[in-house]
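Source file: final03.txt. Holds: compact mmCIF, C-alpha atoms and all ligand atoms.
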```txt
# COMPACT_ATOMS: atom_id res chain seq x y z
CA MET O 1 -4.17 164.77 211.51
CA LYS O 2 -6.21 163.60 214.53
CA GLN O 3 -7.74 166.25 216.75
CA ASN O 4 -8.85 166.05 220.37
CA PRO O 5 -12.41 164.88 220.93
CA ILE O 6 -15.05 167.49 221.65
CA VAL O 7 -16.84 167.03 224.96
CA GLY O 8 -20.61 166.84 224.45
CA CYS O 9 -22.79 168.22 227.25
CA MET O 10 -26.25 167.04 226.12
CA ARG O 11 -26.44 164.46 228.93
CA TRP O 12 -24.86 166.61 231.65
CA GLY O 13 -28.06 168.41 232.61
CA ILE O 14 -31.61 167.18 233.13
CA TRP O 15 -31.41 164.92 230.04
CA GLY O 16 -28.85 162.85 231.91
CA GLU O 17 -26.84 163.14 235.13
CA ASN O 18 -28.20 166.54 236.17
CA PHE O 19 -24.84 167.77 237.51
CA ASN O 20 -24.82 170.47 240.15
CA THR O 21 -22.53 173.48 239.70
CA LYS O 22 -19.69 171.90 241.67
CA GLN O 23 -19.87 168.78 239.49
CA TYR O 24 -19.77 170.93 236.35
CA GLU O 25 -16.69 172.73 237.64
CA THR O 26 -15.01 169.44 238.51
CA ILE O 27 -15.62 167.76 235.17
CA ILE O 28 -14.65 170.89 233.20
CA ASP O 29 -11.39 171.07 235.20
CA GLN O 30 -10.76 167.37 234.64
CA CYS O 31 -11.24 167.78 230.90
CA LEU O 32 -8.85 170.74 230.86
CA SER O 33 -6.28 168.70 232.81
CA ILE O 34 -6.04 166.29 229.87
CA GLY O 35 -6.09 169.01 227.22
CA LEU O 36 -9.77 168.81 226.23
CA ASP O 37 -11.11 172.35 226.06
CA THR O 38 -14.09 172.29 223.69
CA PHE O 39 -17.62 171.72 225.00
CA ASP O 40 -20.63 171.06 222.77
CA HIS O 41 -24.04 172.48 223.65
CA ALA O 42 -27.33 173.45 222.04
CA ASP O 43 -29.91 175.97 223.16
CA ILE O 44 -32.47 173.14 223.50
CA TYR O 45 -30.46 170.72 225.68
CA GLY O 46 -32.30 169.94 228.89
CA HIS O 47 -35.39 171.66 227.45
CA TYR O 48 -33.41 174.93 227.30
CA THR O 49 -31.78 174.55 230.74
CA THR O 50 -28.35 172.90 230.26
CA GLU O 51 -26.53 175.94 228.86
CA ALA O 52 -27.49 177.94 231.96
CA ASN O 53 -26.55 175.12 234.34
CA PHE O 54 -23.12 174.84 232.71
CA GLY O 55 -22.92 178.65 232.73
CA GLU O 56 -23.22 178.74 236.52
CA ALA O 57 -19.80 177.06 236.67
CA LEU O 58 -18.36 179.82 234.48
CA LYS O 59 -19.99 182.47 236.65
CA ASN O 60 -18.51 180.90 239.79
CA ASN O 61 -15.05 180.60 238.32
CA HIS O 62 -14.28 183.52 235.99
CA ALA O 63 -10.89 182.11 235.00
CA LEU O 64 -12.58 179.17 233.24
CA ARG O 65 -14.11 181.05 230.32
CA SER O 66 -10.84 181.96 228.62
CA LYS O 67 -9.61 178.37 228.94
CA ILE O 68 -12.51 176.75 227.14
CA ARG O 69 -14.20 176.85 223.75
CA ILE O 70 -17.99 176.77 223.60
CA ILE O 71 -19.95 175.32 220.70
CA THR O 72 -23.68 175.90 220.75
CA LYS O 73 -26.51 175.48 218.29
CA CYS O 74 -29.75 177.16 217.40
CA GLY O 75 -32.60 176.74 214.95
CA ILE O 76 -34.84 174.14 216.60
CA ASN O 77 -37.99 175.33 218.36
CA MET O 78 -38.78 172.60 220.83
CA LEU O 79 -42.16 171.83 222.31
CA THR O 80 -41.70 172.18 226.07
CA PRO O 81 -43.33 173.91 229.03
CA ASN O 82 -40.18 176.07 229.09
CA ARG O 83 -41.30 177.61 225.77
CA PRO O 84 -45.09 177.86 226.22
CA THR O 85 -45.55 179.82 222.98
CA HIS O 86 -44.40 176.86 220.85
CA GLU O 87 -47.40 174.90 219.55
CA ILE O 88 -45.39 172.35 217.56
CA LYS O 89 -41.73 171.38 217.14
CA SER O 90 -40.42 173.44 214.23
CA TYR O 91 -37.28 175.02 212.80
CA ASP O 92 -36.45 178.71 212.65
CA THR O 93 -33.34 180.11 210.99
CA SER O 94 -34.67 183.63 210.55
CA ALA O 95 -32.26 186.44 211.42
CA SER O 96 -34.40 187.48 214.38
CA HIS O 97 -34.48 183.96 215.81
CA ILE O 98 -30.73 183.44 215.39
CA ARG O 99 -30.02 186.81 217.06
CA LYS O 100 -32.40 186.05 219.95
CA SER O 101 -30.98 182.58 220.48
CA VAL O 102 -27.38 183.81 220.48
CA GLU O 103 -28.19 186.61 222.93
CA GLU O 104 -29.83 184.05 225.26
CA SER O 105 -26.87 181.68 224.98
CA LEU O 106 -24.50 184.53 225.85
CA MET O 107 -26.54 185.24 228.97
CA ASN O 108 -26.74 181.55 229.88
CA PHE O 109 -22.97 181.13 229.68
CA HIS O 110 -22.19 184.50 231.34
CA THR O 111 -19.95 185.36 228.44
CA ASP O 112 -19.75 187.89 225.63
CA TYR O 113 -18.82 185.44 222.87
CA ILE O 114 -19.68 181.98 221.58
CA ASP O 115 -16.71 180.26 219.97
CA THR O 116 -18.77 178.32 217.45
CA LEU O 117 -22.40 178.64 216.46
CA LEU O 118 -24.02 175.81 214.48
CA ILE O 119 -27.40 175.77 212.77
CA HIS O 120 -28.76 172.62 214.43
CA ARG O 121 -30.93 171.20 211.62
CA PRO O 122 -31.58 172.22 208.02
CA ASP O 123 -34.64 174.45 207.96
CA ILE O 124 -36.64 174.05 204.72
CA LEU O 125 -37.43 177.76 204.87
CA MET O 126 -33.83 178.87 205.44
CA ASN O 127 -32.72 181.83 203.40
CA PRO O 128 -28.95 181.72 202.86
CA GLU O 129 -28.64 185.49 202.42
CA GLU O 130 -30.53 186.14 205.65
CA ILE O 131 -28.37 183.65 207.56
CA ALA O 132 -25.19 185.19 206.12
CA PHE O 133 -26.39 188.69 207.01
CA ILE O 134 -27.04 187.89 210.68
CA LEU O 135 -23.95 185.72 211.10
CA ASN O 136 -21.71 188.37 209.56
CA ASN O 137 -23.19 190.92 211.96
CA LEU O 138 -22.76 188.63 214.97
CA LYS O 139 -19.17 187.97 213.92
CA LYS O 140 -18.48 191.69 213.46
CA GLU O 141 -19.89 192.32 216.95
CA GLY O 142 -17.51 189.63 218.28
CA LYS O 143 -20.41 187.58 219.61
CA VAL O 144 -19.75 184.54 217.40
CA LYS O 145 -16.25 183.55 216.35
CA THR O 146 -16.84 180.69 213.89
CA PHE O 147 -19.89 179.31 212.10
CA GLY O 148 -21.08 175.89 211.00
CA VAL O 149 -24.04 173.60 210.46
CA SER O 150 -25.31 170.28 211.69
CA ASN O 151 -27.19 167.47 209.92
CA PHE O 152 -27.11 169.19 206.52
CA THR O 153 -26.97 167.49 203.12
CA THR O 154 -24.13 168.36 200.75
CA SER O 155 -26.46 170.43 198.58
CA GLN O 156 -27.65 172.40 201.61
CA VAL O 157 -24.01 173.07 202.52
CA ASN O 158 -23.33 174.16 198.91
CA LEU O 159 -26.32 176.47 199.01
CA LEU O 160 -25.30 178.18 202.24
CA THR O 161 -21.65 178.36 201.19
CA LYS O 162 -22.70 180.63 198.29
CA CYS O 163 -23.38 183.30 200.94
CA ILE O 164 -21.19 182.49 203.96
CA PRO O 165 -18.23 180.16 204.60
CA ILE O 166 -19.09 177.06 206.62
CA GLU O 167 -16.28 176.11 208.99
CA HIS O 168 -17.76 173.07 210.79
CA HIS O 169 -20.26 170.33 210.01
CA GLN O 170 -21.56 168.17 212.88
CA VAL O 171 -23.31 164.98 211.74
CA GLU O 172 -24.10 161.58 213.18
CA ILE O 173 -21.25 159.21 212.25
CA SER O 174 -20.50 155.89 213.90
CA LEU O 175 -20.52 152.19 213.19
CA THR O 176 -24.30 152.24 213.51
CA ASN O 177 -24.62 155.15 211.08
CA ILE O 178 -22.10 155.15 208.24
CA ALA O 179 -24.19 157.30 205.86
CA ALA O 180 -21.67 160.16 205.90
CA PHE O 181 -19.02 157.85 204.39
CA GLU O 182 -21.19 157.38 201.33
CA ASN O 183 -23.49 160.39 200.91
CA GLY O 184 -20.72 162.87 200.14
CA VAL O 185 -20.77 164.74 203.47
CA LEU O 186 -17.27 163.64 204.48
CA ASP O 187 -15.92 164.07 200.93
CA GLN O 188 -17.24 167.62 201.03
CA CYS O 189 -15.70 168.27 204.47
CA TYR O 190 -12.36 167.07 203.13
CA SER O 191 -12.45 168.95 199.85
CA GLU O 192 -13.88 172.20 201.25
CA LYS O 193 -11.76 172.11 204.43
CA ILE O 194 -14.84 171.99 206.65
CA GLU O 195 -14.18 170.52 210.09
CA ALA O 196 -16.10 167.22 210.39
CA GLN O 197 -17.58 166.54 213.82
CA SER O 198 -19.42 163.30 214.62
CA TRP O 199 -22.23 163.15 217.16
CA SER O 200 -23.17 159.86 218.86
CA PRO O 201 -19.75 158.57 217.78
CA LEU O 202 -20.04 155.29 219.69
CA GLY O 203 -23.26 154.39 217.88
CA SER O 204 -26.77 155.28 218.78
CA GLY O 205 -28.25 152.69 221.17
CA ILE O 206 -25.26 150.39 220.78
CA PHE O 207 -25.04 149.54 224.48
CA THR O 208 -28.76 149.41 225.16
CA GLU O 209 -30.47 147.85 222.12
CA LYS O 210 -29.59 144.23 221.38
CA THR O 211 -30.12 144.39 217.60
CA GLU O 212 -28.20 141.98 215.37
CA GLN O 213 -26.13 144.87 214.02
CA ASN O 214 -25.24 146.16 217.50
CA LEU O 215 -24.26 142.67 218.67
CA ARG O 216 -22.07 142.11 215.58
CA ILE O 217 -20.32 145.47 216.05
CA LEU O 218 -19.73 144.92 219.78
CA PHE O 219 -18.46 141.36 219.18
CA THR O 220 -15.91 142.57 216.61
CA ALA O 221 -14.91 145.59 218.71
CA GLU O 222 -14.43 143.27 221.69
CA GLU O 223 -12.11 141.00 219.68
CA LEU O 224 -10.10 143.99 218.46
CA SER O 225 -9.93 145.48 221.95
CA THR O 226 -7.79 142.50 223.02
CA LYS O 227 -5.57 142.81 219.95
CA TYR O 228 -5.00 146.55 220.46
CA ASN O 229 -4.97 146.42 224.27
CA ALA O 230 -7.80 148.95 224.27
CA THR O 231 -11.38 149.24 225.46
CA VAL O 232 -14.40 148.64 223.22
CA ASN O 233 -15.18 152.38 223.32
CA GLN O 234 -11.66 153.15 222.12
CA ILE O 235 -11.98 150.74 219.18
CA LEU O 236 -15.28 152.36 218.16
CA LEU O 237 -13.60 155.78 218.20
CA ALA O 238 -10.37 154.55 216.54
CA PHE O 239 -12.59 153.47 213.61
CA LEU O 240 -13.65 157.11 213.11
CA TYR O 241 -10.17 158.51 213.68
CA LEU O 242 -8.80 156.58 210.69
CA HIS O 243 -10.85 158.54 208.16
CA PRO O 244 -8.82 161.09 206.13
CA ALA O 245 -11.44 163.82 206.68
CA GLY O 246 -10.14 164.08 210.26
CA ILE O 247 -13.42 163.27 212.01
CA ILE O 248 -13.62 164.81 215.49
CA PRO O 249 -15.83 162.72 217.79
CA VAL O 250 -18.26 164.68 219.97
CA ILE O 251 -18.35 162.32 222.93
CA GLY O 252 -21.44 162.19 225.09
CA THR O 253 -20.41 160.42 228.27
CA THR O 254 -21.04 161.84 231.73
CA LYS O 255 -18.02 159.94 233.17
CA PHE O 256 -14.56 161.49 233.24
CA GLU O 257 -12.90 158.05 232.94
CA ARG O 258 -14.66 157.54 229.59
CA ILE O 259 -13.70 161.04 228.46
CA LYS O 260 -10.05 160.19 229.22
CA GLU O 261 -10.40 156.89 227.34
CA ALA O 262 -11.74 158.78 224.34
CA LYS O 263 -8.73 161.07 224.31
CA GLU O 264 -6.38 158.08 224.58
CA ALA O 265 -8.15 156.42 221.62
CA MET O 266 -6.27 158.90 219.44
CA ASP O 267 -3.13 156.82 220.00
CA ILE O 268 -4.64 153.68 218.46
CA GLU O 269 -3.80 153.05 214.80
CA LEU O 270 -6.24 150.47 213.47
CA ASN O 271 -4.90 148.68 210.43
CA ARG O 272 -6.99 148.76 207.26
CA GLU O 273 -8.20 145.16 207.56
CA ASP O 274 -9.48 145.85 211.05
CA PHE O 275 -11.25 148.99 209.84
CA TYR O 276 -12.98 146.84 207.20
CA LYS O 277 -13.77 144.11 209.75
CA LEU O 278 -15.66 146.71 211.77
CA LEU O 279 -17.34 148.04 208.63
CA ALA O 280 -18.44 144.49 207.72
CA ALA O 281 -19.82 144.06 211.23
CA SER O 282 -21.83 147.22 210.68
CA THR O 283 -23.20 146.36 207.23
CA GLY O 284 -23.43 142.58 207.74
CA HIS O 285 -21.26 141.81 204.71
CA GLU O 286 -17.78 142.27 203.29
CA VAL O 287 -17.15 145.01 200.76
CA ALA O 288 -17.72 144.08 197.09
N1 LIG I 301 -25.87 167.94 216.34
C1 LIG I 301 -26.79 167.08 216.72
O1 LIG I 301 -27.88 166.98 216.12
C2 LIG I 301 -26.55 166.22 217.92
C3 LIG I 301 -27.44 165.18 218.24
C4 LIG I 301 -27.14 164.39 219.36
C5 LIG I 301 -26.00 164.65 220.13
N2 LIG I 301 -25.19 165.69 219.80
C6 LIG I 301 -23.95 165.97 220.57
O2 LIG I 301 -23.18 164.80 220.56
C7 LIG I 301 -22.81 164.45 221.90
C8 LIG I 301 -22.62 162.97 221.99
O3 LIG I 301 -23.82 162.27 221.69
P1 LIG I 301 -24.14 160.91 222.45
O4 LIG I 301 -24.25 161.17 223.89
O5 LIG I 301 -25.27 160.25 221.77
O6 LIG I 301 -22.75 160.14 222.14
P2 LIG I 301 -22.01 158.82 222.58
O7 LIG I 301 -20.69 159.22 223.14
O8 LIG I 301 -22.01 157.94 221.36
O9 LIG I 301 -22.91 158.11 223.70
C9 LIG I 301 -22.83 158.45 225.05
C10 LIG I 301 -23.76 157.55 225.83
O10 LIG I 301 -23.25 156.21 225.79
C11 LIG I 301 -23.07 155.74 227.14
N3 LIG I 301 -21.90 154.88 227.17
C12 LIG I 301 -20.64 155.18 226.77
N4 LIG I 301 -19.82 154.11 226.92
C13 LIG I 301 -20.58 153.11 227.43
C14 LIG I 301 -20.32 151.77 227.77
N5 LIG I 301 -19.11 151.23 227.59
N6 LIG I 301 -21.35 151.02 228.25
C15 LIG I 301 -22.59 151.54 228.39
N7 LIG I 301 -22.91 152.81 228.08
C16 LIG I 301 -21.91 153.61 227.59
C17 LIG I 301 -22.88 157.00 227.95
O11 LIG I 301 -23.21 156.73 229.31
P3 LIG I 301 -22.28 157.34 230.50
O12 LIG I 301 -22.66 158.76 230.61
O13 LIG I 301 -22.69 156.50 231.67
O14 LIG I 301 -20.85 157.13 230.10
C18 LIG I 301 -23.86 157.95 227.28
O15 LIG I 301 -25.19 157.68 227.72
C19 LIG I 301 -23.93 165.04 222.76
O16 LIG I 301 -23.52 165.28 224.09
C20 LIG I 301 -24.21 166.33 222.03
O17 LIG I 301 -23.27 167.30 222.45
C21 LIG I 301 -25.44 166.47 218.70
```
Final structure tokens representation of the file:
Amino acid sequence: MKQNPIVGCMRWGIWGENFNTKQYETIIDQCLSIGLDTFDHADIYGHYTTEANFGEALKNNHALRSKIRIITKCGINMLTPNRPTHEIKSYDTSASHIRKSVEESLMNFHTDYIDTLLIHRPDILMNPEEIAFILNNLKKEGKVKTFGVSNFTTSQVNLLTKCIPIEHHQVEISLTNIAAFENGVLDQCYSEKIEAQSWSPLGSGIFTEKTEQNLRILFTAEELSTKYNATVNQILLAFLYLHPAGIIPVIGTTKFERIKEAKEAMDIELNREDFYKLLAASTGHEVA
């Protein structure tokens, strides 16, 4: 069962278009007008500024909050002048850090709950019982509704699941990164009923770096775009939508037209041969 794409906001702030509050309001409204209501953030986006910039739109227009779902992440300590106490980039999944990060996100978004909190990266020092303790408390307080992880291995998911249910797993999946098809992450999402979200779903660097792999993928996607009367972007997303784990693309564009295209990609049913043509373009060879 295909689900609406999630709208990624990493490039909406100073790491991209640097929208002003009016532009945030406009693009959020546009997304809602086509039924897209889930927005993906992280505490670190825009060197810890994008959540608050997006939040200004929610402050300006109180009716918006109840119409949207907010995903945010914590656990990375980024080296930036905005966090002068950090001496090195590191991970922190201690209870105190998770609590502090969630409280800051709540303030940034001018809200009293986060729909989904993800641990951004697997922290070698993570203690599953400590994470479960703080997440259960945050859930009881109504500050976090659902919980998930990002960029974890299957064994890290298994470890954490011993203490707390994992409801979402956000990983990089695209034609330029097909690891999740083979390393068990998507099998685990399917078998454990964990929602699979793919970041950089079009393929990291696919439009900017002229590698042989990127050129092969774009050439094949271009051919299929004529056959399916679709855009190249839609073919790249239709590839993900075919997987039985129900991959939800987290799209990163700053353009509403491309967001709309991504939603419409759900209507494309690639046939199996075309899926494998794209896969062969990615790997450089047919399957065995
Ligand atoms: N969990 C994690 O560790 C993690 C890591 C990275 C990202 N994320 C999340 O995933 C979201 C998506 O990541 P992403 O931005 O890398 O995904 P993406 O959707 O694969 O890439 C979006 C980028 O591609 C450009 N683009 C799209 N179509 C194009 C075309 N036809 N020609 C040229 N350029 C085109 C966009 O530019 P325009 O803006 O001009 O359309 C934008 O710069 C992020 O916003 C973030 O929420 C999560």
Closest atom pairs, chain O residues within 7 Å of ligand LIG 301 (chain I), only C-alpha atoms and all ligand atoms, as JSON lines:
```
{"residue": "O:Val7", "atom": "CA", "partner": "I:LIG301", "partner_atom": "O17", "distance": 6.9}
{"residue": "O:Gly8", "atom": "CA", "partner": "I:LIG301", "partner_atom": "O16", "distance": 3.3}
{"residue": "O:Cys9", "atom": "CA", "partner": "I:LIG301", "partner_atom": "O16", "distance": 4.4}
{"residue": "O:Met10", "atom": "CA", "partner": "I:LIG301", "partner_atom": "O16", "distance": 3.8}
{"residue": "O:Arg11", "atom": "CA", "partner": "I:LIG301", "partner_atom": "O16", "distance": 5.7}
{"residue": "O:Asp40", "atom": "CA", "partner": "I:LIG301", "partner_atom": "O17", "distance": 4.6}
{"residue": "O:His41", "atom": "CA", "partner": "I:LIG301", "partner_atom": "O17", "distance": 5.4}
{"residue": "O:His120", "atom": "CA", "partner": "I:LIG301", "partner_atom": "N1", "distance": 5.8}
{"residue": "O:Arg121", "atom": "CA", "partner": "I:LIG301", "partner_atom": "O1", "distance": 6.9}
{"residue": "O:Ser150", "atom": "CA", "partner": "I:LIG301", "partner_atom": "N1", "distance": 5.2}
{"residue": "O:Asn151", "atom": "CA", "partner": "I:LIG301", "partner_atom": "O1", "distance": 6.3}
{"residue": "O:Gln170", "atom": "CA", "partner": "I:LIG301", "partner_atom": "N1", "distance": 5.5}
{"residue": "O:Val171", "atom": "CA", "partner": "I:LIG301", "partner_atom": "N1", "distance": 6.0}
{"residue": "O:Trp199", "atom": "CA", "partner": "I:LIG301", "partner_atom": "O2", "distance": 3.9}
{"residue": "O:Ser200", "atom": "CA", "partner": "I:LIG301", "partner_atom": "O6", "distance": 3.3}
{"residue": "O:Pro201", "atom": "CA", "partner": "I:LIG301", "partner_atom": "O8", "distance": 4.3}
{"residue": "O:Leu202", "atom": "CA", "partner": "I:LIG301", "partner_atom": "O8", "distance": 3.7}
{"residue": "O:Gly203", "atom": "CA", "partner": "I:LIG301", "partner_atom": "O8", "distance": 5.1}
{"residue": "O:Ser204", "atom": "CA", "partner": "I:LIG301", "partner_atom": "O5", "distance": 6.0}
{"residue": "O:Phe207", "atom": "CA", "partner": "I:LIG301", "partner_atom": "C15", "distance": 5.0}
{"residue": "O:Val232", "atom": "CA", "partner": "I:LIG301", "partner_atom": "N5", "distance": 6.9}
{"residue": "O:Asn233", "atom": "CA", "partner": "I:LIG301", "partner_atom": "N5", "distance": 5.9}
{"residue": "O:Val250", "atom": "CA", "partner": "I:LIG301", "partner_atom": "C7", "distance": 4.9}
{"residue": "O:Ile251", "atom": "CA", "partner": "I:LIG301", "partner_atom": "O7", "distance": 3.9}
{"residue": "O:Gly252", "atom": "CA", "partner": "I:LIG301", "partner_atom": "O4", "distance": 3.2}
{"residue": "O:Thr253", "atom": "CA", "partner": "I:LIG301", "partner_atom": "O12", "distance": 3.6}
{"residue": "O:Thr254", "atom": "CA", "partner": "I:LIG301", "partner_atom": "O12", "distance": 3.7}
{"residue": "O:Lys255", "atom": "CA", "partner": "I:LIG301", "partner_atom": "O14", "distance": 5.0}
{"residue": "O:Arg258", "atom": "CA", "partner": "I:LIG301", "partner_atom": "O14", "distance": 6.2}
```
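Distances to Leu186 in chain O were evaluated for O:His169, O:Lys210, O:Lys260, O:His62 using all atoms listed in the file, and the minimum falls at O:His169.
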Taking (-6.8, 163.0, 218.4) in the coordinates of the supplied file, I want to know which residues reach to within 9 Å of it, counting only C-alpha atoms; could you give the answer as an mmCIF file with C-alpha atoms, in the coordinates of the input?
```
data_model
loop_
_atom_site.group_PDB
_atom_site.id
_atom_site.type_symbol
_atom_site.label_atom_id
_atom_site.label_comp_id
_atom_site.auth_asym_id
_atom_site.auth_seq_id
_atom_site.Cartn_x
_atom_site.Cartn_y
_atom_site.Cartn_z
ATOM 1 C CA MET O 1 -4.170 164.770 211.510
ATOM 2 C CA LYS O 2 -6.210 163.600 214.530
ATOM 3 C CA GLN O 3 -7.740 166.250 216.750
ATOM 4 C CA ASN O 4 -8.850 166.050 220.370
ATOM 5 C CA PRO O 5 -12.410 164.880 220.930
ATOM 6 C CA TYR O 241 -10.170 158.510 213.680
ATOM 7 C CA GLY O 246 -10.140 164.080 210.260
ATOM 8 C CA ILE O 248 -13.620 164.810 215.490
ATOM 9 C CA ALA O 262 -11.740 158.780 224.340
ATOM 10 C CA LYS O 263 -8.730 161.070 224.310
ATOM 11 C CA GLU O 264 -6.380 158.080 224.580
ATOM 12 C CA ALA O 265 -8.150 156.420 221.620
ATOM 13 C CA MET O 266 -6.270 158.900 219.440
ATOM 14 C CA ASP O 267 -3.130 156.820 220.000
#
```
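If you measure from each of O:Asp274, O:Asp123, O:Asp29, O:Glu104 to Ile76 in chain O using all atoms listed in the file, the closest one turns out to be O:Asp123.
If you count all atoms listed in the file and ignore residues fewer than 6 places along the chain from Asn229 in chain O, what sits within 12 Å of it is Ala221, Glu222, Glu223, Ile235, Glu264, Ala265, Asp267, Ile268, Glu269 and Leu270 of chain O.
All polymer residues at most 9 Å from (-22.8, 171.8, 235.3), using all atoms listed in the file, appear as Cys9, Trp12, Gly13, Asn18, Phe19, Asn20, Thr21, Lys22, Gln23, Tyr24, Glu25, Thr26, Ile27, Ile28, Thr50, Glu51, Ala52, Asn53, Phe54, Gly55, Glu56 and Ala57 of chain O.
The two atoms in question, CA of Cys31 in chain O and CA of Asn61 in chain O, are spaced 15.3 Å apart.
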May I ask for the distance between CA of Glu130 in chain O and CA of His97 in chain O, given in Å to one decimal place? 11.1 Å
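Nearest residue to Lys89 in chain O among O:Ser225, O:Ile44, O:Leu106, O:Leu135 is O:Ile44, counting only C-alpha atoms.
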Just the residues within 8 Å of Ile166 in chain O, please, counting only C-alpha atoms, with nothing from its chain fewer than 5 positions along; format it as number ranges by chain. O: 147-149, 157, 160-161, 194
Please identify all polymer residues within 7 Å of Ala42 in chain O, counting all atoms listed in the file, omitting same-chain residues fewer than 6 positions from it, and present them as a PDB file with C-alpha atoms, keeping the file's coordinate frame.
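The file below, around-v9.pdb, is the result:
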```pdb
ATOM      1  CA  THR O  72     -23.680 175.900 220.750  1.00  0.00           C
ATOM      2  CA  LYS O  73     -26.510 175.480 218.290  1.00  0.00           C
ATOM      3  CA  CYS O  74     -29.750 177.160 217.400  1.00  0.00           C
TER       4      CYS O  74
END
```
Residue contacts of Thr111 in chain O (9 Å, only C-alpha atoms) excluding same-chain residues fewer than 4 positions away, as an mmCIF file with C-alpha atoms, keeping the file's coordinate frame:
```cif
data_model
loop_
_atom_site.group_PDB
_atom_site.id
_atom_site.type_symbol
_atom_site.label_atom_id
_atom_site.label_comp_id
_atom_site.auth_asym_id
_atom_site.auth_seq_id
_atom_site.Cartn_x
_atom_site.Cartn_y
_atom_site.Cartn_z
ATOM 1 C CA GLY O 55 -22.920 178.650 232.730
ATOM 2 C CA LEU O 58 -18.360 179.820 234.480
ATOM 3 C CA LYS O 59 -19.990 182.470 236.650
ATOM 4 C CA ARG O 65 -14.110 181.050 230.320
ATOM 5 C CA SER O 105 -26.870 181.680 224.980
ATOM 6 C CA LEU O 106 -24.500 184.530 225.850
ATOM 7 C CA MET O 107 -26.540 185.240 228.970
#
```
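With only C-alpha atoms as the atoms that count, the residue of O:Phe39, O:Phe275, O:Phe219, O:Tyr48 with the shortest distance to Ile71 in chain O is O:Phe39.
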As a check of understanding: the span from CA of Met78 in chain O to CA of Ser101 in chain O is 12.7 Å
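With all atoms listed in the file as the basis for measurement, O:Thr38 is the residue among O:Thr208, O:Thr38, O:Thr93, O:Thr80 that approaches Leu64 in chain O most closely.
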Quick one: residues within 9 Å of Ala132 in chain O, only C-alpha atoms counted, chain neighbours fewer than 2 positions away excluded, as an NGL selection string? :O and (95 or 127-130 or 134-137 or 160 or 163-165)
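Among the candidates O:Glu182, O:Glu257, O:Asp43, O:Glu209, the residue lying nearest to Asn108 in chain O is O:Asp43 (atoms considered: only C-alpha atoms).
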